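One structure is given here, and the rest of the page talks about it.
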Amino acid sequence: MNRSRSKAVQRFLELKSIRENPPSGLIRRLKPRKEGERFPLAAILTGSEPLWIQSAEHMVSRYADSRKEELRWLLLYFLELSSQGHILISSEDIRDDLPLWAGKCYARADQLYDNLSLIVEENPRLFSALQEGESRGMSEPGERRPLLYASDFSCFYLLKKRRFEQQFLELLGNISGEEGKIDVSPDLISGLHRAYESLCDSGDIPISEDTLKAALMVGGSRLSIITGGPGTGKTTILAGLLRLFLEASQDSSSKLPEVRLCAPTGRAAKRMMESMENLLQNPVLQSAFSHPAETIHKVLGLRPGSPALYDEKRTLKADLIIVDEASMVDLNLMTGLFRAMKSSARIVLVGDRDQLPSVESGALLSDLLFEMEKPNHRLSGRVLSLSKVHRNSGAILESSRLVIQGDGPEFLNFLKQHEGLPVSASENSGWLRYGDLPSFKDLLSELASEFKASSLKFGGAGFRRPSREWKGIIHEIDPYFKLYRDHIILSPTRKGLFGTASLNRGLNDVLGGNPDGDYHGQPVMVTRNDYERSLFNGDRGVVLRFSDGLYAFFEDPEAGYRCFPLLLLEDRETSYALTIHKSQGSEYNKVHILMPDGSERLISREILYTGITRARLGVTLYGSEEVLLLCLSRGVRRLSGIRTFMQSS
Ligand SMILES: Nc1ncnc2c1ncn2[C@@H]1O[C@H](COP(=O)(O)OP(=O)(O)OP(=O)(O)O)[C@@H](O)[C@H]1O
């Protein structure tokens with residue numbers, strides 16, 4: 001299909017937010033102009049990305065032997081599921097979903113599942129049976145088999161994902177099996193207890209019995225997990241854990257273990273550093289950290305288009321690797337990290353399985369915990385679960401629990417008690433306000449009233465050299481940052497009328513007077529890691545006007561702020577509104593969450609749970625009852641072979 005036509009159709013559907021439920025007759029109105037256009041046009045209405053539609057077309061033209069139309073729809077469906085992070089696709093699981101998904105746009109959708117075995121059998125170049133020699137078949141070069149069908153598991157894999165899963169399971173076997181056990185020396189145990197007692201006495205950093213438990217657990221195993229709900233102090237506990245571990249190691253050996261801190265995003269890595277501030281002031285303990293906290297990509301030396309710098313042949317020097325926000329680490333990256341660990345190194349995964357999984361493949365943390373938390377599992381001692389919530393309380397905490405339990409009717413009852421209510425007077429106990437989504441115009445003016453940057457006093461416009469001169473007006477810069485820490489707008493999606501792109505454009509128009517221009521007081525977010533300037537994807541800053549132009553300011557733990565001429569920052573966007581994915585790991589005082597109609601495919605309990613639990617003081621939730629009920633009925637499921645492996649190993 002003509003590219004601009006495809007774009008125009010897509011844009012129309014996004015603006016109308018109707019991709020999930022196209023009105024009847026729309027497909028007929030979108031008449032194909034020439035032969036062969038029907039599939040791409042109809043496929044757009046399933047909400048599929050143009051890239052997946054093209055890939056399905058491509059696979060059919062290259063590998064199909066028969067049943068081409070059915071195969072197109074089946075492949076598009078597999079690509080869709082795969083893009084949603086599934087590693088394997090079980091034929092059992094697709095029985096109900098496949099006809100439902102394709103039924104909107106493909107007249108013979110109900111026959112797709114019934115014909116599955118025929119479609120597979122008649123297209124041997126595309127599918128093949130793994131059980132006929134899995135390793136032999138998979139390693140044959142140049143074989144034309146992008147999809148594998150494992151009849152023993154009754155499931156489909158994309159070949160690439162299957163390879164990663166196999167490698168990961170092998171590495172996991174090494175780390176978590178007999179070889180992964182570490183005999184803890186009595187010296188280390190007594191050292192940990194001694195360090196704990198002296199730290200309790202000093203009152204230097206928050207420390208509890210959990211910190212000691214965590215340090216003992218890490219001492220005794222190559223793989224351990226620290227988990228707990230949002231705001232239970234998972235990141236905060238790390239400083240205490242490391243302090244105990246390093247002080248005890250210092251007692252029992254002359255050499256301090258080398259520690260590497262990392263996270264899937266630059267922003268999460270930065271937060272780890274901030275929570276270590278106190279620890280890093282100790283010059284002796286500081287020497288254990290040869291690097292600051294970094295992204296996993298940076299630790300592995302991954303650059304686009306090149307292999308990792310570190311792998312099984314060239315391992316990392318680190319003795320202890322700590323990964324924060326581990327629920328967001330995808331299969332490929334975790335495999336890379338496990339592969340680059342030296343044989344004596346320990347790894348600690350820190351994260352919450354109920355928050356959002358990786359954007360890419362798998363839900364590793366959730367899969368590992370599912371098995372390891374079973375009381376009799378041989379690895380059950382390698383998990384520490386934190387339960388006391390420090391971030392929020394009251395209605396926020398209560399509602400988040402109802403969300404993750406998936407109890408729709410109970411959650412709606414709870415919301416009805418709060419419908420249209422003004423903010424409760426007792427702000428410190430955590431409030432929740434609920435209402436239907438208003439019109440876009442009304443919503444914009446309501447949201448705009450929360451962001452009154454223009455009313456803040458700013459004396460910097462008289463300065464010519466902001467890089468030197470801003471320190472004199474730091475008390476005038478602080479309120480801008482406080483404003484954007486106080487309020488955030490969250491949506492599950494970038495797209496659509498109530499997606500973040502459209503909201504940010506709308507707020508730019510209302511608050512800055514121009515949907516596309518930059519202006520004083522505008523919040524911005526970095527959208528790509530910039531190692532040279534030490535700015536990371538997800539870092540938020542504020543644009544301020546000086547006499548020679550606009551500058552973007554970012555917080556800096558040491559200097560207070562850093563600033564750059566705005567023109568030099570290419571990869572950035574306005575950030576009144578963020579996707580819930582981008583907000584994971586951050587906290588704000590007040591959160592506005594929009595759950596628009598038409599976002600059905602993107603919503604889940606985890607999305608709403610992650611959004612609500614970003615708030616410290618209050619949440620305003622907009623959405624229809626139907627969308628919220630649907631949201632609570634769906635959990636992010638990532639199908640993979642990992643749980644099966646863990647059960648049998
Ligand atoms: N032991 C503690 N005592 C008091 N406050 C704490 C304690 N631990 C954490 N906090 C505070 O609670 C808030 C959340 O802590 P932290 O970010 O470590 O939680 P988290 O479990 O990592 O959250 P998330 O899952 O959202 O990343 C922070 O403001 C932190 O300062």
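Letters for chains follow the order of the structure tokens (A, B, ...), residue numbers begin at 1 for each chain, and ligand numbers begin at 1 in the order shown.
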Could you please extract the residues within 8 Å of ligand 1, counting only C-alpha atoms and all ligand atoms, and hand them back as an mmCIF file with C-alpha atoms, in the first residue's frame?
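Wrote selection_19.cif, looks like this:
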```
data_model
loop_
_atom_site.group_PDB
_atom_site.id
_atom_site.type_symbol
_atom_site.label_atom_id
_atom_site.label_comp_id
_atom_site.auth_asym_id
_atom_site.auth_seq_id
_atom_site.Cartn_x
_atom_site.Cartn_y
_atom_site.Cartn_z
ATOM 1 C CA PRO A 206 18.587 3.460 57.409
ATOM 2 C CA ILE A 207 19.334 -0.134 58.343
ATOM 3 C CA SER A 208 17.160 -2.984 59.561
ATOM 4 C CA THR A 227 11.957 -8.053 45.708
ATOM 5 C CA GLY A 228 8.958 -6.197 47.149
ATOM 6 C CA GLY A 229 6.185 -3.827 46.116
ATOM 7 C CA PRO A 230 6.687 -0.233 44.940
ATOM 8 C CA GLY A 231 8.267 2.009 47.556
ATOM 9 C CA THR A 232 9.274 -0.823 49.904
ATOM 10 C CA GLY A 233 12.848 0.456 49.829
ATOM 11 C CA LYS A 234 14.461 -2.001 47.399
ATOM 12 C CA THR A 235 16.815 0.621 45.985
ATOM 13 C CA THR A 236 17.371 2.197 49.389
ATOM 14 C CA ILE A 237 18.423 -1.088 51.039
ATOM 15 C CA SER A 275 21.011 6.180 47.037
ATOM 16 C CA GLU A 325 14.759 -2.455 38.168
ATOM 17 C CA GLY A 351 12.894 -5.541 41.315
ATOM 18 C CA ASP A 352 9.149 -5.939 41.612
ATOM 19 C CA GLN A 355 5.463 -3.691 37.892
ATOM 20 C CA VAL A 389 5.780 0.458 52.097
ATOM 21 C CA HIS A 390 7.596 3.748 52.730
ATOM 22 C CA ARG A 391 6.412 5.808 49.744
ATOM 23 C CA GLN A 584 8.670 3.243 36.356
ATOM 24 C CA GLY A 585 11.201 3.694 39.177
ATOM 25 C CA SER A 586 10.331 7.407 39.729
ATOM 26 C CA GLU A 587 8.141 9.062 42.336
ATOM 27 C CA THR A 610 2.805 1.036 38.223
ATOM 28 C CA THR A 613 2.227 3.660 42.878
ATOM 29 C CA ARG A 614 4.375 6.470 41.443
#
```
*What residues in stretch 152-349 of chain A get the DSSP label alpha helix (DSSP H)? Please answer as number ranges by chain.*
A: 159-176, 186-202, 209-220, 234-252, 266-275, 277-280, 283-286, 296-300, 331-339
*stretch 465-469 of chain A: which residues within 8 Å, counting only C-alpha atoms, same-chain residues fewer than 3 positions away excluded, as an MDAnalysis selection string?*
chainID A and resid 460 472:473 546 548 551 562:564
File dump, residues just selected, all heavy atoms, as a short mmCIF file (atom, residue, chain, number, x, y, z; two decimals), in the first residue's frame:
```cif
data_model
loop_
_atom_site.label_atom_id
_atom_site.label_comp_id
_atom_site.auth_asym_id
_atom_site.auth_seq_id
_atom_site.Cartn_x
_atom_site.Cartn_y
_atom_site.Cartn_z
N GLY A 460 16.97 35.20 35.56
CA GLY A 460 18.10 34.82 34.71
C GLY A 460 18.09 35.44 33.33
O GLY A 460 19.11 35.44 32.64
N GLY A 472 23.79 32.18 41.22
CA GLY A 472 23.22 33.29 41.99
C GLY A 472 21.70 33.23 42.07
O GLY A 472 21.10 33.85 42.94
N ILE A 473 21.07 32.50 41.16
CA ILE A 473 19.59 32.46 41.18
C ILE A 473 19.08 31.04 41.40
O ILE A 473 17.97 30.68 40.99
CB ILE A 473 19.00 33.01 39.86
CG1 ILE A 473 19.65 32.31 38.65
CG2 ILE A 473 19.13 34.52 39.77
CD1 ILE A 473 18.84 32.41 37.40
N PHE A 546 17.68 32.68 28.96
CA PHE A 546 18.71 33.66 29.32
C PHE A 546 18.82 34.66 28.17
O PHE A 546 18.16 34.48 27.14
CB PHE A 546 20.04 32.95 29.60
CG PHE A 546 20.02 32.19 30.90
CD1 PHE A 546 19.35 30.98 31.02
CD2 PHE A 546 20.62 32.72 32.03
CE1 PHE A 546 19.29 30.30 32.22
CE2 PHE A 546 20.57 32.05 33.24
CZ PHE A 546 19.91 30.84 33.34
N ASP A 548 20.92 35.25 25.90
CA ASP A 548 21.32 34.79 24.56
C ASP A 548 20.61 33.52 24.12
O ASP A 548 21.07 32.82 23.23
CB ASP A 548 22.84 34.64 24.48
CG ASP A 548 23.35 33.58 25.43
OD1 ASP A 548 22.56 33.16 26.31
OD2 ASP A 548 24.50 33.14 25.30
N TYR A 551 18.16 27.59 27.47
CA TYR A 551 19.07 26.58 28.01
C TYR A 551 18.25 25.51 28.71
O TYR A 551 17.25 25.81 29.35
CB TYR A 551 20.04 27.21 29.02
CG TYR A 551 21.12 28.03 28.34
CD1 TYR A 551 20.82 29.29 27.83
CD2 TYR A 551 22.39 27.51 28.17
CE1 TYR A 551 21.78 30.02 27.16
CE2 TYR A 551 23.36 28.25 27.50
CZ TYR A 551 23.05 29.50 27.00
OH TYR A 551 24.00 30.22 26.34
N ARG A 562 23.14 21.28 36.02
CA ARG A 562 24.02 21.43 34.86
C ARG A 562 23.15 22.00 33.76
O ARG A 562 21.95 21.72 33.71
CB ARG A 562 24.54 20.07 34.39
CG ARG A 562 25.47 19.44 35.39
CD ARG A 562 25.99 18.12 34.89
NE ARG A 562 24.91 17.16 34.67
CZ ARG A 562 24.88 16.30 33.67
NH1 ARG A 562 25.84 16.29 32.77
NH2 ARG A 562 23.89 15.44 33.55
N CYS A 563 23.75 22.81 32.86
CA CYS A 563 22.89 23.34 31.79
C CYS A 563 23.59 23.26 30.44
O CYS A 563 24.82 23.25 30.36
CB CYS A 563 22.46 24.76 32.11
SG CYS A 563 23.78 25.95 32.10
N PHE A 564 22.78 23.17 29.40
CA PHE A 564 23.27 23.07 28.02
C PHE A 564 22.41 23.95 27.13
O PHE A 564 21.19 24.02 27.34
CB PHE A 564 23.14 21.62 27.51
CG PHE A 564 23.77 20.61 28.43
CD1 PHE A 564 23.01 19.96 29.40
CD2 PHE A 564 25.13 20.32 28.33
CE1 PHE A 564 23.59 19.05 30.26
CE2 PHE A 564 25.71 19.39 29.19
CZ PHE A 564 24.94 18.76 30.15
#
```
Can you tell me which residues surround A:Thr579 at a distance of at most 9 Å, considering only C-alpha atoms, apart from same-chain residues fewer than 4 positions away, and format the answer as a short mmCIF file (atom, residue, chain, number, x, y, z; two decimals) with N, CA and C atoms, in the first residue's frame?
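Result file is part.cif:
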```cif
data_model
loop_
_atom_site.label_atom_id
_atom_site.label_comp_id
_atom_site.auth_asym_id
_atom_site.auth_seq_id
_atom_site.Cartn_x
_atom_site.Cartn_y
_atom_site.Cartn_z
N ILE A 489 1.67 13.83 34.51
CA ILE A 489 0.52 13.23 33.82
C ILE A 489 1.00 11.93 33.22
N LEU A 490 0.28 10.85 33.44
CA LEU A 490 0.70 9.55 32.92
C LEU A 490 -0.39 8.96 32.04
N SER A 491 0.03 8.36 30.93
CA SER A 491 -0.92 7.68 30.05
C SER A 491 -0.26 6.36 29.63
N PRO A 492 -1.06 5.32 29.34
CA PRO A 492 -0.43 4.06 28.93
C PRO A 492 0.21 4.15 27.55
N THR A 493 -0.14 5.19 26.79
CA THR A 493 0.28 5.20 25.39
C THR A 493 0.80 6.57 24.94
N ARG A 494 1.65 6.57 23.93
CA ARG A 494 2.10 7.81 23.29
C ARG A 494 1.06 8.27 22.27
N GLY A 499 -3.01 10.23 24.27
CA GLY A 499 -1.65 9.70 24.43
C GLY A 499 -0.71 10.84 24.80
N THR A 500 0.50 10.51 25.21
CA THR A 500 1.41 11.55 25.73
C THR A 500 1.82 12.55 24.64
N SER A 583 7.75 6.10 33.46
CA SER A 583 7.72 6.61 34.85
C SER A 583 8.18 5.55 35.85
#
```
Distance query A:Val359 at most 8 Å, only C-alpha atoms, self and fewer than 6 positions along chain excluded, as a PDB file with C-alpha atoms, in the first residue's frame:
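That gives us result-v4.pdb:
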```pdb
ATOM      1  CA  GLN A  84       4.405  -7.813  22.964  1.00  0.00           C
ATOM      2  CA  GLY A  85       7.321  -9.655  24.547  1.00  0.00           C
ATOM      3  CA  MET A 328      12.543  -4.383  33.045  1.00  0.00           C
ATOM      4  CA  ASP A 330      14.763  -8.348  28.748  1.00  0.00           C
TER       5      ASP A 330
END
```
*Which polymer residues have any atom within 10 Å of an atom of stretch 88-104 of chain A, counting only C-alpha atoms, with same-chain residues fewer than 3 positions away left out, as a PyMOL selection string?*
chain A and resi 20-24+27+42-43+45-47+73-74+76-78+81-82+85+107-114+116+148-151+153-159+161-162+165+361-362+638-641
*What are the DSSP strand (DSSP E) residues of stretch 300-443 of chain A, as number ranges by chain?*
A: 320-323, 346-351, 383-386, 431-435
